[in-house]
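The structure file coords.txt is reproduced below (compact mmCIF, N, CA and C atoms).
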```
# COMPACT_ATOMS: atom_id res chain seq x y z
N ARG A 1 -14.16 7.98 -4.67
CA ARG A 1 -12.74 7.80 -4.89
C ARG A 1 -12.05 7.39 -3.61
N LYS A 2 -11.01 6.62 -3.78
CA LYS A 2 -10.23 6.19 -2.63
C LYS A 2 -9.53 7.38 -2.01
N ARG A 3 -9.63 7.48 -0.72
CA ARG A 3 -8.99 8.57 0.01
C ARG A 3 -7.56 8.18 0.36
N CYS A 4 -6.64 9.10 0.13
CA CYS A 4 -5.25 8.88 0.53
C CYS A 4 -5.05 9.46 1.92
N PHE A 5 -4.60 8.65 2.83
CA PHE A 5 -4.38 9.08 4.21
C PHE A 5 -2.96 9.60 4.37
N PRO A 6 -2.78 10.56 5.27
CA PRO A 6 -1.42 11.05 5.52
C PRO A 6 -0.54 9.96 6.12
N VAL A 7 0.75 10.06 5.84
CA VAL A 7 1.71 9.08 6.35
C VAL A 7 1.64 9.00 7.86
N THR A 8 1.31 10.10 8.53
CA THR A 8 1.24 10.10 10.00
C THR A 8 0.21 9.09 10.50
N GLN A 9 -0.90 8.91 9.78
CA GLN A 9 -1.91 7.94 10.22
C GLN A 9 -1.41 6.51 10.05
N PHE A 10 -0.67 6.26 8.96
CA PHE A 10 -0.06 4.94 8.80
C PHE A 10 0.96 4.69 9.91
N ALA A 11 1.74 5.72 10.24
CA ALA A 11 2.75 5.58 11.29
C ALA A 11 2.10 5.28 12.64
N ASP A 12 1.02 5.98 12.97
CA ASP A 12 0.31 5.72 14.24
C ASP A 12 -0.18 4.28 14.31
N ALA A 13 -0.77 3.80 13.21
CA ALA A 13 -1.27 2.42 13.19
C ALA A 13 -0.13 1.42 13.27
N LEU A 14 0.95 1.71 12.59
CA LEU A 14 2.12 0.85 12.62
C LEU A 14 2.70 0.75 14.03
N LEU A 15 2.80 1.88 14.71
CA LEU A 15 3.30 1.87 16.09
C LEU A 15 2.38 1.10 17.02
N GLU A 16 1.08 1.19 16.80
CA GLU A 16 0.12 0.43 17.60
C GLU A 16 0.32 -1.07 17.42
N LEU A 17 0.48 -1.53 16.18
CA LEU A 17 0.72 -2.95 15.93
C LEU A 17 2.09 -3.38 16.44
N SER A 18 3.07 -2.50 16.34
CA SER A 18 4.41 -2.81 16.83
C SER A 18 4.40 -3.05 18.33
N ARG A 19 3.67 -2.19 19.05
CA ARG A 19 3.56 -2.36 20.51
C ARG A 19 2.80 -3.65 20.85
N ALA A 20 1.74 -3.93 20.12
CA ALA A 20 0.91 -5.10 20.42
C ALA A 20 1.61 -6.42 20.11
N TYR A 21 2.44 -6.45 19.05
CA TYR A 21 3.02 -7.71 18.60
C TYR A 21 4.54 -7.76 18.70
N GLY A 22 5.15 -6.69 19.20
CA GLY A 22 6.59 -6.69 19.40
C GLY A 22 7.40 -6.67 18.11
N THR A 23 6.83 -6.18 17.04
CA THR A 23 7.56 -6.13 15.77
C THR A 23 8.43 -4.89 15.69
N ARG A 24 9.57 -5.05 15.02
CA ARG A 24 10.46 -3.92 14.78
C ARG A 24 10.75 -3.77 13.29
N ALA A 25 10.70 -4.87 12.55
CA ALA A 25 11.01 -4.85 11.12
C ALA A 25 9.73 -4.56 10.33
N VAL A 26 9.84 -3.64 9.38
CA VAL A 26 8.68 -3.20 8.60
C VAL A 26 9.03 -3.23 7.12
N TYR A 27 8.22 -3.92 6.33
CA TYR A 27 8.35 -3.83 4.88
C TYR A 27 7.36 -2.77 4.42
N LEU A 28 7.86 -1.74 3.77
CA LEU A 28 7.04 -0.62 3.34
C LEU A 28 6.79 -0.71 1.84
N ALA A 29 5.53 -0.84 1.46
CA ALA A 29 5.11 -0.84 0.05
C ALA A 29 4.22 0.37 -0.13
N SER A 30 4.69 1.32 -0.90
CA SER A 30 3.93 2.57 -1.09
C SER A 30 4.21 3.14 -2.47
N ASP A 31 3.21 3.84 -3.02
CA ASP A 31 3.41 4.56 -4.28
C ASP A 31 4.07 5.91 -4.04
N ASP A 32 4.16 6.32 -2.79
CA ASP A 32 4.71 7.63 -2.44
C ASP A 32 6.22 7.53 -2.31
N VAL A 33 6.94 8.23 -3.18
CA VAL A 33 8.40 8.16 -3.17
C VAL A 33 9.01 8.76 -1.91
N HIS A 34 8.24 9.56 -1.18
CA HIS A 34 8.74 10.20 0.04
C HIS A 34 8.36 9.42 1.31
N ALA A 35 7.60 8.35 1.17
CA ALA A 35 7.07 7.63 2.33
C ALA A 35 8.16 7.07 3.23
N LEU A 36 9.21 6.52 2.66
CA LEU A 36 10.25 5.90 3.47
C LEU A 36 10.90 6.89 4.43
N ASP A 37 11.31 8.04 3.92
CA ASP A 37 11.94 9.05 4.78
C ASP A 37 10.98 9.53 5.87
N LEU A 38 9.73 9.74 5.50
CA LEU A 38 8.74 10.18 6.48
C LEU A 38 8.51 9.13 7.56
N MET A 39 8.38 7.88 7.16
CA MET A 39 8.15 6.81 8.15
C MET A 39 9.35 6.64 9.07
N ARG A 40 10.53 6.73 8.51
CA ARG A 40 11.72 6.61 9.36
C ARG A 40 11.79 7.74 10.38
N SER A 41 11.36 8.94 10.00
CA SER A 41 11.39 10.05 10.95
C SER A 41 10.27 9.93 11.99
N LEU A 42 9.14 9.35 11.63
CA LEU A 42 8.01 9.21 12.56
C LEU A 42 8.15 7.98 13.46
N CYS A 43 8.88 6.98 13.00
CA CYS A 43 9.03 5.72 13.76
C CYS A 43 10.52 5.35 13.83
N PRO A 44 11.33 6.15 14.52
CA PRO A 44 12.78 5.94 14.50
C PRO A 44 13.25 4.63 15.14
N ASP A 45 12.41 3.99 15.95
CA ASP A 45 12.81 2.75 16.60
C ASP A 45 12.53 1.51 15.76
N LEU A 46 11.94 1.71 14.59
CA LEU A 46 11.62 0.58 13.71
C LEU A 46 12.61 0.51 12.55
N ASP A 47 12.83 -0.70 12.05
CA ASP A 47 13.72 -0.93 10.92
C ASP A 47 12.88 -1.10 9.66
N PHE A 48 13.08 -0.23 8.68
CA PHE A 48 12.27 -0.26 7.46
C PHE A 48 13.02 -0.90 6.30
N TYR A 49 12.28 -1.69 5.55
CA TYR A 49 12.79 -2.32 4.33
C TYR A 49 11.92 -1.83 3.17
N TRP A 50 12.55 -1.55 2.05
CA TRP A 50 11.89 -0.88 0.93
C TRP A 50 12.60 -1.30 -0.34
N ARG A 51 11.88 -1.53 -1.38
CA ARG A 51 12.48 -1.92 -2.66
C ARG A 51 12.94 -0.66 -3.41
N GLU A 52 14.23 -0.46 -3.43
CA GLU A 52 14.81 0.71 -4.10
C GLU A 52 14.65 0.65 -5.62
N ASP A 53 14.51 -0.55 -6.16
CA ASP A 53 14.48 -0.72 -7.62
C ASP A 53 13.12 -0.45 -8.25
N VAL A 54 12.12 -0.09 -7.47
CA VAL A 54 10.77 0.13 -7.99
C VAL A 54 10.63 1.58 -8.47
N ASP A 55 10.15 1.73 -9.71
CA ASP A 55 9.90 3.06 -10.26
C ASP A 55 8.50 3.51 -9.88
N ARG A 56 8.41 4.32 -8.85
CA ARG A 56 7.11 4.82 -8.40
C ARG A 56 6.81 6.21 -8.95
N ALA A 57 7.78 6.82 -9.60
CA ALA A 57 7.65 8.21 -10.03
C ALA A 57 6.49 8.43 -11.00
N PHE A 58 6.23 7.46 -11.89
CA PHE A 58 5.17 7.68 -12.87
C PHE A 58 3.78 7.67 -12.24
N LEU A 59 3.67 7.18 -11.00
CA LEU A 59 2.38 7.18 -10.31
C LEU A 59 2.12 8.47 -9.54
N PHE A 60 3.17 9.26 -9.35
CA PHE A 60 3.05 10.47 -8.55
C PHE A 60 2.22 11.52 -9.30
N ALA A 61 1.31 12.17 -8.64
CA ALA A 61 0.44 13.17 -9.26
C ALA A 61 1.20 14.43 -9.61
N THR A 62 0.98 14.93 -10.81
CA THR A 62 1.59 16.17 -11.27
C THR A 62 0.53 17.27 -11.31
N GLU A 63 0.96 18.50 -11.53
CA GLU A 63 0.00 19.61 -11.67
C GLU A 63 -0.96 19.33 -12.82
N GLU A 64 -0.44 18.78 -13.91
CA GLU A 64 -1.28 18.45 -15.07
C GLU A 64 -2.35 17.43 -14.70
N ASP A 65 -2.00 16.45 -13.86
CA ASP A 65 -2.98 15.45 -13.42
C ASP A 65 -4.12 16.10 -12.66
N PHE A 66 -3.77 17.06 -11.79
CA PHE A 66 -4.81 17.76 -11.02
C PHE A 66 -5.71 18.59 -11.95
N GLU A 67 -5.09 19.26 -12.92
CA GLU A 67 -5.86 20.08 -13.86
C GLU A 67 -6.78 19.23 -14.73
N ARG A 68 -6.29 18.11 -15.19
CA ARG A 68 -7.08 17.23 -16.07
C ARG A 68 -7.88 16.19 -15.31
N GLU A 69 -7.72 16.16 -13.99
CA GLU A 69 -8.38 15.19 -13.13
C GLU A 69 -8.08 13.75 -13.56
N THR A 70 -6.80 13.51 -13.85
CA THR A 70 -6.34 12.16 -14.22
C THR A 70 -5.48 11.61 -13.08
N LEU A 71 -6.10 11.45 -11.93
CA LEU A 71 -5.37 11.02 -10.74
C LEU A 71 -5.45 9.53 -10.48
N TRP A 72 -6.31 8.82 -11.18
CA TRP A 72 -6.47 7.39 -10.94
C TRP A 72 -5.27 6.62 -11.48
N VAL A 73 -4.84 5.61 -10.75
CA VAL A 73 -3.71 4.78 -11.18
C VAL A 73 -4.01 4.19 -12.55
N GLU A 74 -5.25 3.79 -12.78
CA GLU A 74 -5.62 3.19 -14.06
C GLU A 74 -5.36 4.17 -15.20
N GLN A 75 -5.64 5.45 -14.98
CA GLN A 75 -5.41 6.46 -16.01
C GLN A 75 -3.92 6.62 -16.28
N LYS A 76 -3.14 6.59 -15.23
CA LYS A 76 -1.69 6.71 -15.39
C LYS A 76 -1.12 5.48 -16.11
N LEU A 77 -1.63 4.31 -15.77
CA LEU A 77 -1.17 3.10 -16.44
C LEU A 77 -1.55 3.10 -17.92
N PHE A 78 -2.74 3.60 -18.23
CA PHE A 78 -3.20 3.66 -19.62
C PHE A 78 -2.27 4.53 -20.46
N LYS A 79 -1.73 5.60 -19.86
CA LYS A 79 -0.84 6.50 -20.59
C LYS A 79 0.60 5.97 -20.64
N SER A 80 0.92 4.93 -19.89
CA SER A 80 2.29 4.43 -19.82
C SER A 80 2.54 3.39 -20.92
N SER A 81 3.80 3.03 -21.06
CA SER A 81 4.18 2.04 -22.07
C SER A 81 3.83 0.62 -21.59
N ARG A 82 3.81 -0.30 -22.53
CA ARG A 82 3.55 -1.71 -22.20
C ARG A 82 4.60 -2.23 -21.21
N ALA A 83 5.85 -1.86 -21.44
CA ALA A 83 6.93 -2.31 -20.54
C ALA A 83 6.73 -1.74 -19.13
N GLN A 84 6.28 -0.50 -19.04
CA GLN A 84 6.04 0.12 -17.74
C GLN A 84 4.87 -0.57 -17.02
N ARG A 85 3.83 -0.89 -17.76
CA ARG A 85 2.69 -1.60 -17.15
C ARG A 85 3.11 -2.98 -16.66
N GLN A 86 3.90 -3.69 -17.45
CA GLN A 86 4.38 -5.01 -17.07
C GLN A 86 5.25 -4.93 -15.81
N ALA A 87 6.14 -3.95 -15.77
CA ALA A 87 7.01 -3.78 -14.60
C ALA A 87 6.19 -3.44 -13.36
N HIS A 88 5.16 -2.61 -13.53
CA HIS A 88 4.30 -2.26 -12.40
C HIS A 88 3.57 -3.49 -11.86
N LEU A 89 3.05 -4.33 -12.75
CA LEU A 89 2.38 -5.57 -12.32
C LEU A 89 3.34 -6.48 -11.57
N GLU A 90 4.55 -6.62 -12.08
CA GLU A 90 5.55 -7.45 -11.39
C GLU A 90 5.89 -6.87 -10.02
N ASP A 91 5.99 -5.55 -9.92
CA ASP A 91 6.27 -4.91 -8.63
C ASP A 91 5.15 -5.18 -7.64
N ILE A 92 3.91 -5.11 -8.10
CA ILE A 92 2.77 -5.41 -7.23
C ILE A 92 2.83 -6.85 -6.74
N MET A 93 3.15 -7.77 -7.62
CA MET A 93 3.21 -9.18 -7.23
C MET A 93 4.31 -9.43 -6.21
N VAL A 94 5.47 -8.81 -6.38
CA VAL A 94 6.56 -8.97 -5.40
C VAL A 94 6.12 -8.38 -4.06
N ASP A 95 5.51 -7.18 -4.09
CA ASP A 95 5.01 -6.59 -2.84
C ASP A 95 4.01 -7.53 -2.17
N LEU A 96 3.11 -8.11 -2.94
CA LEU A 96 2.10 -9.01 -2.38
C LEU A 96 2.76 -10.22 -1.70
N VAL A 97 3.72 -10.83 -2.37
CA VAL A 97 4.41 -11.99 -1.79
C VAL A 97 5.10 -11.61 -0.49
N LEU A 98 5.75 -10.45 -0.46
CA LEU A 98 6.44 -10.01 0.75
C LEU A 98 5.46 -9.64 1.86
N LEU A 99 4.37 -8.96 1.52
CA LEU A 99 3.41 -8.50 2.53
C LEU A 99 2.65 -9.64 3.20
N VAL A 100 2.30 -10.68 2.45
CA VAL A 100 1.52 -11.77 3.07
C VAL A 100 2.35 -12.53 4.10
N GLY A 101 3.67 -12.42 4.03
CA GLY A 101 4.53 -13.08 5.01
C GLY A 101 4.82 -12.23 6.23
N CYS A 102 4.31 -11.03 6.26
CA CYS A 102 4.55 -10.14 7.40
C CYS A 102 3.75 -10.58 8.63
N GLN A 103 4.20 -10.15 9.79
CA GLN A 103 3.53 -10.50 11.04
C GLN A 103 2.21 -9.77 11.19
N ALA A 104 2.11 -8.56 10.65
CA ALA A 104 0.89 -7.75 10.74
C ALA A 104 0.86 -6.82 9.53
N PHE A 105 -0.28 -6.15 9.32
CA PHE A 105 -0.45 -5.34 8.12
C PHE A 105 -1.24 -4.07 8.42
N VAL A 106 -0.79 -2.95 7.85
CA VAL A 106 -1.52 -1.68 7.89
C VAL A 106 -1.82 -1.31 6.45
N GLY A 107 -3.09 -1.03 6.17
CA GLY A 107 -3.47 -0.65 4.81
C GLY A 107 -4.83 0.00 4.79
N GLN A 108 -5.45 -0.06 3.61
CA GLN A 108 -6.78 0.48 3.41
C GLN A 108 -7.61 -0.58 2.70
N PHE A 109 -8.69 -1.01 3.31
CA PHE A 109 -9.49 -2.07 2.70
C PHE A 109 -10.35 -1.60 1.54
N SER A 110 -10.29 -0.31 1.20
CA SER A 110 -10.88 0.13 -0.06
C SER A 110 -9.99 -0.31 -1.22
N SER A 111 -8.82 -0.82 -0.91
CA SER A 111 -7.86 -1.33 -1.89
C SER A 111 -7.98 -2.84 -2.01
N ASN A 112 -8.14 -3.33 -3.23
CA ASN A 112 -8.20 -4.78 -3.45
C ASN A 112 -6.91 -5.45 -2.99
N ILE A 113 -5.79 -4.79 -3.19
CA ILE A 113 -4.51 -5.38 -2.79
C ILE A 113 -4.44 -5.53 -1.28
N SER A 114 -4.88 -4.53 -0.53
CA SER A 114 -4.86 -4.63 0.94
C SER A 114 -5.74 -5.78 1.42
N ARG A 115 -6.92 -5.92 0.84
CA ARG A 115 -7.80 -7.03 1.24
C ARG A 115 -7.15 -8.37 0.90
N LEU A 116 -6.53 -8.44 -0.27
CA LEU A 116 -5.88 -9.67 -0.69
C LEU A 116 -4.72 -10.04 0.24
N VAL A 117 -3.96 -9.05 0.70
CA VAL A 117 -2.85 -9.32 1.63
C VAL A 117 -3.38 -10.01 2.88
N VAL A 118 -4.44 -9.48 3.47
CA VAL A 118 -4.98 -10.07 4.70
C VAL A 118 -5.61 -11.43 4.42
N GLU A 119 -6.29 -11.58 3.30
CA GLU A 119 -6.91 -12.87 2.97
C GLU A 119 -5.86 -13.96 2.77
N VAL A 120 -4.86 -13.69 1.93
CA VAL A 120 -3.82 -14.69 1.68
C VAL A 120 -2.95 -14.87 2.93
N GLY A 121 -2.63 -13.78 3.62
CA GLY A 121 -1.85 -13.88 4.85
C GLY A 121 -2.54 -14.72 5.90
N SER A 122 -3.85 -14.60 6.00
CA SER A 122 -4.61 -15.41 6.97
C SER A 122 -4.65 -16.87 6.52
N TYR A 123 -4.80 -17.12 5.24
CA TYR A 123 -4.77 -18.49 4.72
C TYR A 123 -3.43 -19.14 5.04
N LEU A 124 -2.33 -18.42 4.82
CA LEU A 124 -1.00 -18.97 5.07
C LEU A 124 -0.75 -19.23 6.55
N ARG A 125 -1.55 -18.63 7.41
CA ARG A 125 -1.45 -18.86 8.85
C ARG A 125 -2.40 -19.97 9.31
N GLY A 126 -2.83 -20.78 8.37
CA GLY A 126 -3.73 -21.89 8.71
C GLY A 126 -5.12 -21.41 9.07
N GLY A 127 -5.53 -20.29 8.52
CA GLY A 127 -6.87 -19.77 8.79
C GLY A 127 -6.94 -18.80 9.96
N ARG A 128 -5.83 -18.60 10.67
CA ARG A 128 -5.82 -17.60 11.75
C ARG A 128 -5.71 -16.22 11.12
N LEU A 129 -6.50 -15.30 11.58
CA LEU A 129 -6.54 -13.97 11.01
C LEU A 129 -5.22 -13.24 11.18
N MET A 130 -4.72 -12.69 10.09
CA MET A 130 -3.51 -11.88 10.13
C MET A 130 -3.84 -10.58 10.87
N PRO A 131 -3.05 -10.19 11.87
CA PRO A 131 -3.31 -8.91 12.55
C PRO A 131 -3.23 -7.76 11.55
N TYR A 132 -4.18 -6.86 11.61
CA TYR A 132 -4.21 -5.76 10.65
C TYR A 132 -4.90 -4.54 11.24
N ILE A 133 -4.65 -3.41 10.62
CA ILE A 133 -5.41 -2.18 10.85
C ILE A 133 -5.73 -1.62 9.47
N SER A 134 -7.01 -1.39 9.21
CA SER A 134 -7.43 -0.72 8.00
C SER A 134 -7.77 0.72 8.36
N LEU A 135 -7.22 1.65 7.60
CA LEU A 135 -7.42 3.06 7.90
C LEU A 135 -8.76 3.60 7.40
N ASP A 136 -9.43 2.87 6.52
CA ASP A 136 -10.66 3.45 6.00
C ASP A 136 -11.92 2.65 6.28
N ILE A 137 -12.03 1.44 5.78
CA ILE A 137 -13.26 0.67 5.96
C ILE A 137 -12.91 -0.70 6.50
N PRO A 138 -13.89 -1.39 7.12
CA PRO A 138 -13.63 -2.76 7.55
C PRO A 138 -13.54 -3.68 6.33
N TRP A 139 -12.99 -4.87 6.55
CA TRP A 139 -12.93 -5.84 5.45
C TRP A 139 -14.36 -6.15 5.02
N CYS A 140 -14.55 -6.24 3.72
CA CYS A 140 -15.86 -6.58 3.19
C CYS A 140 -15.70 -7.04 1.75
N TRP A 141 -16.73 -7.66 1.23
CA TRP A 141 -16.74 -8.04 -0.19
C TRP A 141 -16.91 -6.79 -1.02
N GLY A 142 -16.21 -6.65 -2.09
CA GLY A 142 -16.44 -5.59 -3.06
C GLY A 142 -15.98 -4.20 -2.64
N GLY A 143 -15.08 -4.09 -1.67
CA GLY A 143 -14.54 -2.78 -1.31
C GLY A 143 -15.56 -1.82 -0.76
N GLY A 144 -16.60 -2.34 -0.11
CA GLY A 144 -17.57 -1.48 0.52
C GLY A 144 -18.73 -1.10 -0.38
N ARG A 145 -18.68 -1.56 -1.64
CA ARG A 145 -19.78 -1.27 -2.56
C ARG A 145 -20.78 -2.43 -2.51
N PRO A 146 -22.05 -2.15 -2.77
CA PRO A 146 -23.04 -3.24 -2.80
C PRO A 146 -22.66 -4.31 -3.81
N THR A 147 -22.85 -5.56 -3.43
CA THR A 147 -22.52 -6.66 -4.35
C THR A 147 -23.77 -7.27 -4.92
```

Written form, structure tokens:
Amino acid sequence: RKRCFPVTQFADALLELSRAYGTRAVYLASDDVHALDLMRSLCPDLDFYWREDVDRAFLFATEEDFERETLWVEQKLFKSSRAQRQAHLEDIMVDLVLLVGCQAFVGQFSSNISRLVVEVGSYLRGGRLMPYISLDIPWCWGGGRPT
């Protein structure tokens, strides 16, 4: 299973890239509804941008999810309405478009979306690698699983 890292590790990586590339503006894409406040408190010198209109609440783990072991996003999407699934897909696509235009990226390469951000972001830079930090695994085909 994909490991969720604490916000503090994302903040440390973000500050490292900020120092290296002189960035101050940060687009934050997260399923964690509390991430924005935490990041602002951990990185007060950075300016954060966040889509307020995104409904992330249905992805948040409840006590019932822990009891039934239904923590996977796919399981939550399966239980949601068609309209909710469609909105979630659109939200992912908007995040992707915004993230590939960023100067640098912090994510987890166990995530297909994180790998896609760096791949498309590097393509849009004429093949120059987009600066990134992955908190879990290096970039690879298939998310670290044998292909």

List every residue of region 1-128 of chain A that DSSP, applied to the backbone, labels as alpha helix (DSSP H), and write the result as number ranges by chain.
A: 7-21, 35-42, 63-68, 73-79, 82-100, 112-124

Calculate how many Å separate atom C of Val100 (chain A) from atom C of Pro138 (chain A), rounding to one decimal.
18.3 Å

Any chance you could tabulate, as a Markdown table, the residues of region 73-134 of chain A at most 12 Å from region 36-52 of chain A with each one's nearest atom pair and distance in Å to one decimal, using only C-alpha atoms, in chain and rising number order?
```
| residue | atom | partner | partner_atom | distance |
| --- | --- | --- | --- | --- |
| A:Asp91 | CA | A:Arg51 | CA | 9.1 |
| A:Ile92 | CA | A:Arg51 | CA | 11.3 |
| A:Val94 | CA | A:Arg51 | CA | 9.6 |
| A:Asp95 | CA | A:Arg51 | CA | 8.8 |
| A:Leu98 | CA | A:Tyr49 | CA | 10.6 |
| A:Leu99 | CA | A:Tyr49 | CA | 11.4 |
| A:Cys102 | CA | A:Tyr49 | CA | 11.8 |
```

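Across the model, the gap from atom N of Ser110 (chain A) to atom C of Ala20 (chain A) is 23.2 Å.
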
Would you mind writing down, as an MDAnalysis selection string, each residue of region 6-58 of chain A that DSSP on the backbone assigns to strand (DSSP E or B)?
chainID A and resid 25:27 47:49

Take the residues just selected and output them with N, CA and C atoms as an mmCIF file, keeping the file's coordinate frame.
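Written file, out.cif:
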```
data_model
loop_
_atom_site.group_PDB
_atom_site.id
_atom_site.type_symbol
_atom_site.label_atom_id
_atom_site.label_comp_id
_atom_site.auth_asym_id
_atom_site.auth_seq_id
_atom_site.Cartn_x
_atom_site.Cartn_y
_atom_site.Cartn_z
ATOM 1 N N ALA A 25 10.700 -4.870 12.550
ATOM 2 C CA ALA A 25 11.010 -4.850 11.120
ATOM 3 C C ALA A 25 9.730 -4.560 10.330
ATOM 4 N N VAL A 26 9.840 -3.640 9.380
ATOM 5 C CA VAL A 26 8.680 -3.200 8.600
ATOM 6 C C VAL A 26 9.030 -3.230 7.120
ATOM 7 N N TYR A 27 8.220 -3.920 6.330
ATOM 8 C CA TYR A 27 8.350 -3.830 4.880
ATOM 9 C C TYR A 27 7.360 -2.770 4.420
ATOM 10 N N ASP A 47 12.830 -0.700 12.050
ATOM 11 C CA ASP A 47 13.720 -0.930 10.920
ATOM 12 C C ASP A 47 12.880 -1.100 9.660
ATOM 13 N N PHE A 48 13.080 -0.230 8.680
ATOM 14 C CA PHE A 48 12.270 -0.260 7.460
ATOM 15 C C PHE A 48 13.020 -0.900 6.300
ATOM 16 N N TYR A 49 12.280 -1.690 5.550
ATOM 17 C CA TYR A 49 12.790 -2.320 4.330
ATOM 18 C C TYR A 49 11.920 -1.830 3.170
#
```

Nearest candidate to Ser111 (chain A) (options A:Ile137, A:Val26, A:Val97, A:Leu129; using only N, CA and C atoms):
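Going through A:Ile137, A:Val26, A:Val97, A:Leu129 one by one, the smallest distance to Ser111 (chain A) is for A:Ile137.
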
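Note that the spacing between CA of Leu17 (chain A) and CA of Met93 (chain A) amounts to 24.1 Å.
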
Box time for region 111-114 of chain A: axis-aligned, enclosing all its listed atoms, 8 Å extra on each side; report centre and edge lengths in Å to one decimal, as lines of an AutoDock Vina configuration file.
```
center_x = -6.6
center_y = -3.3
center_z = -1.0
size_x = 20.4
size_y = 21.0
size_z = 20.9
```
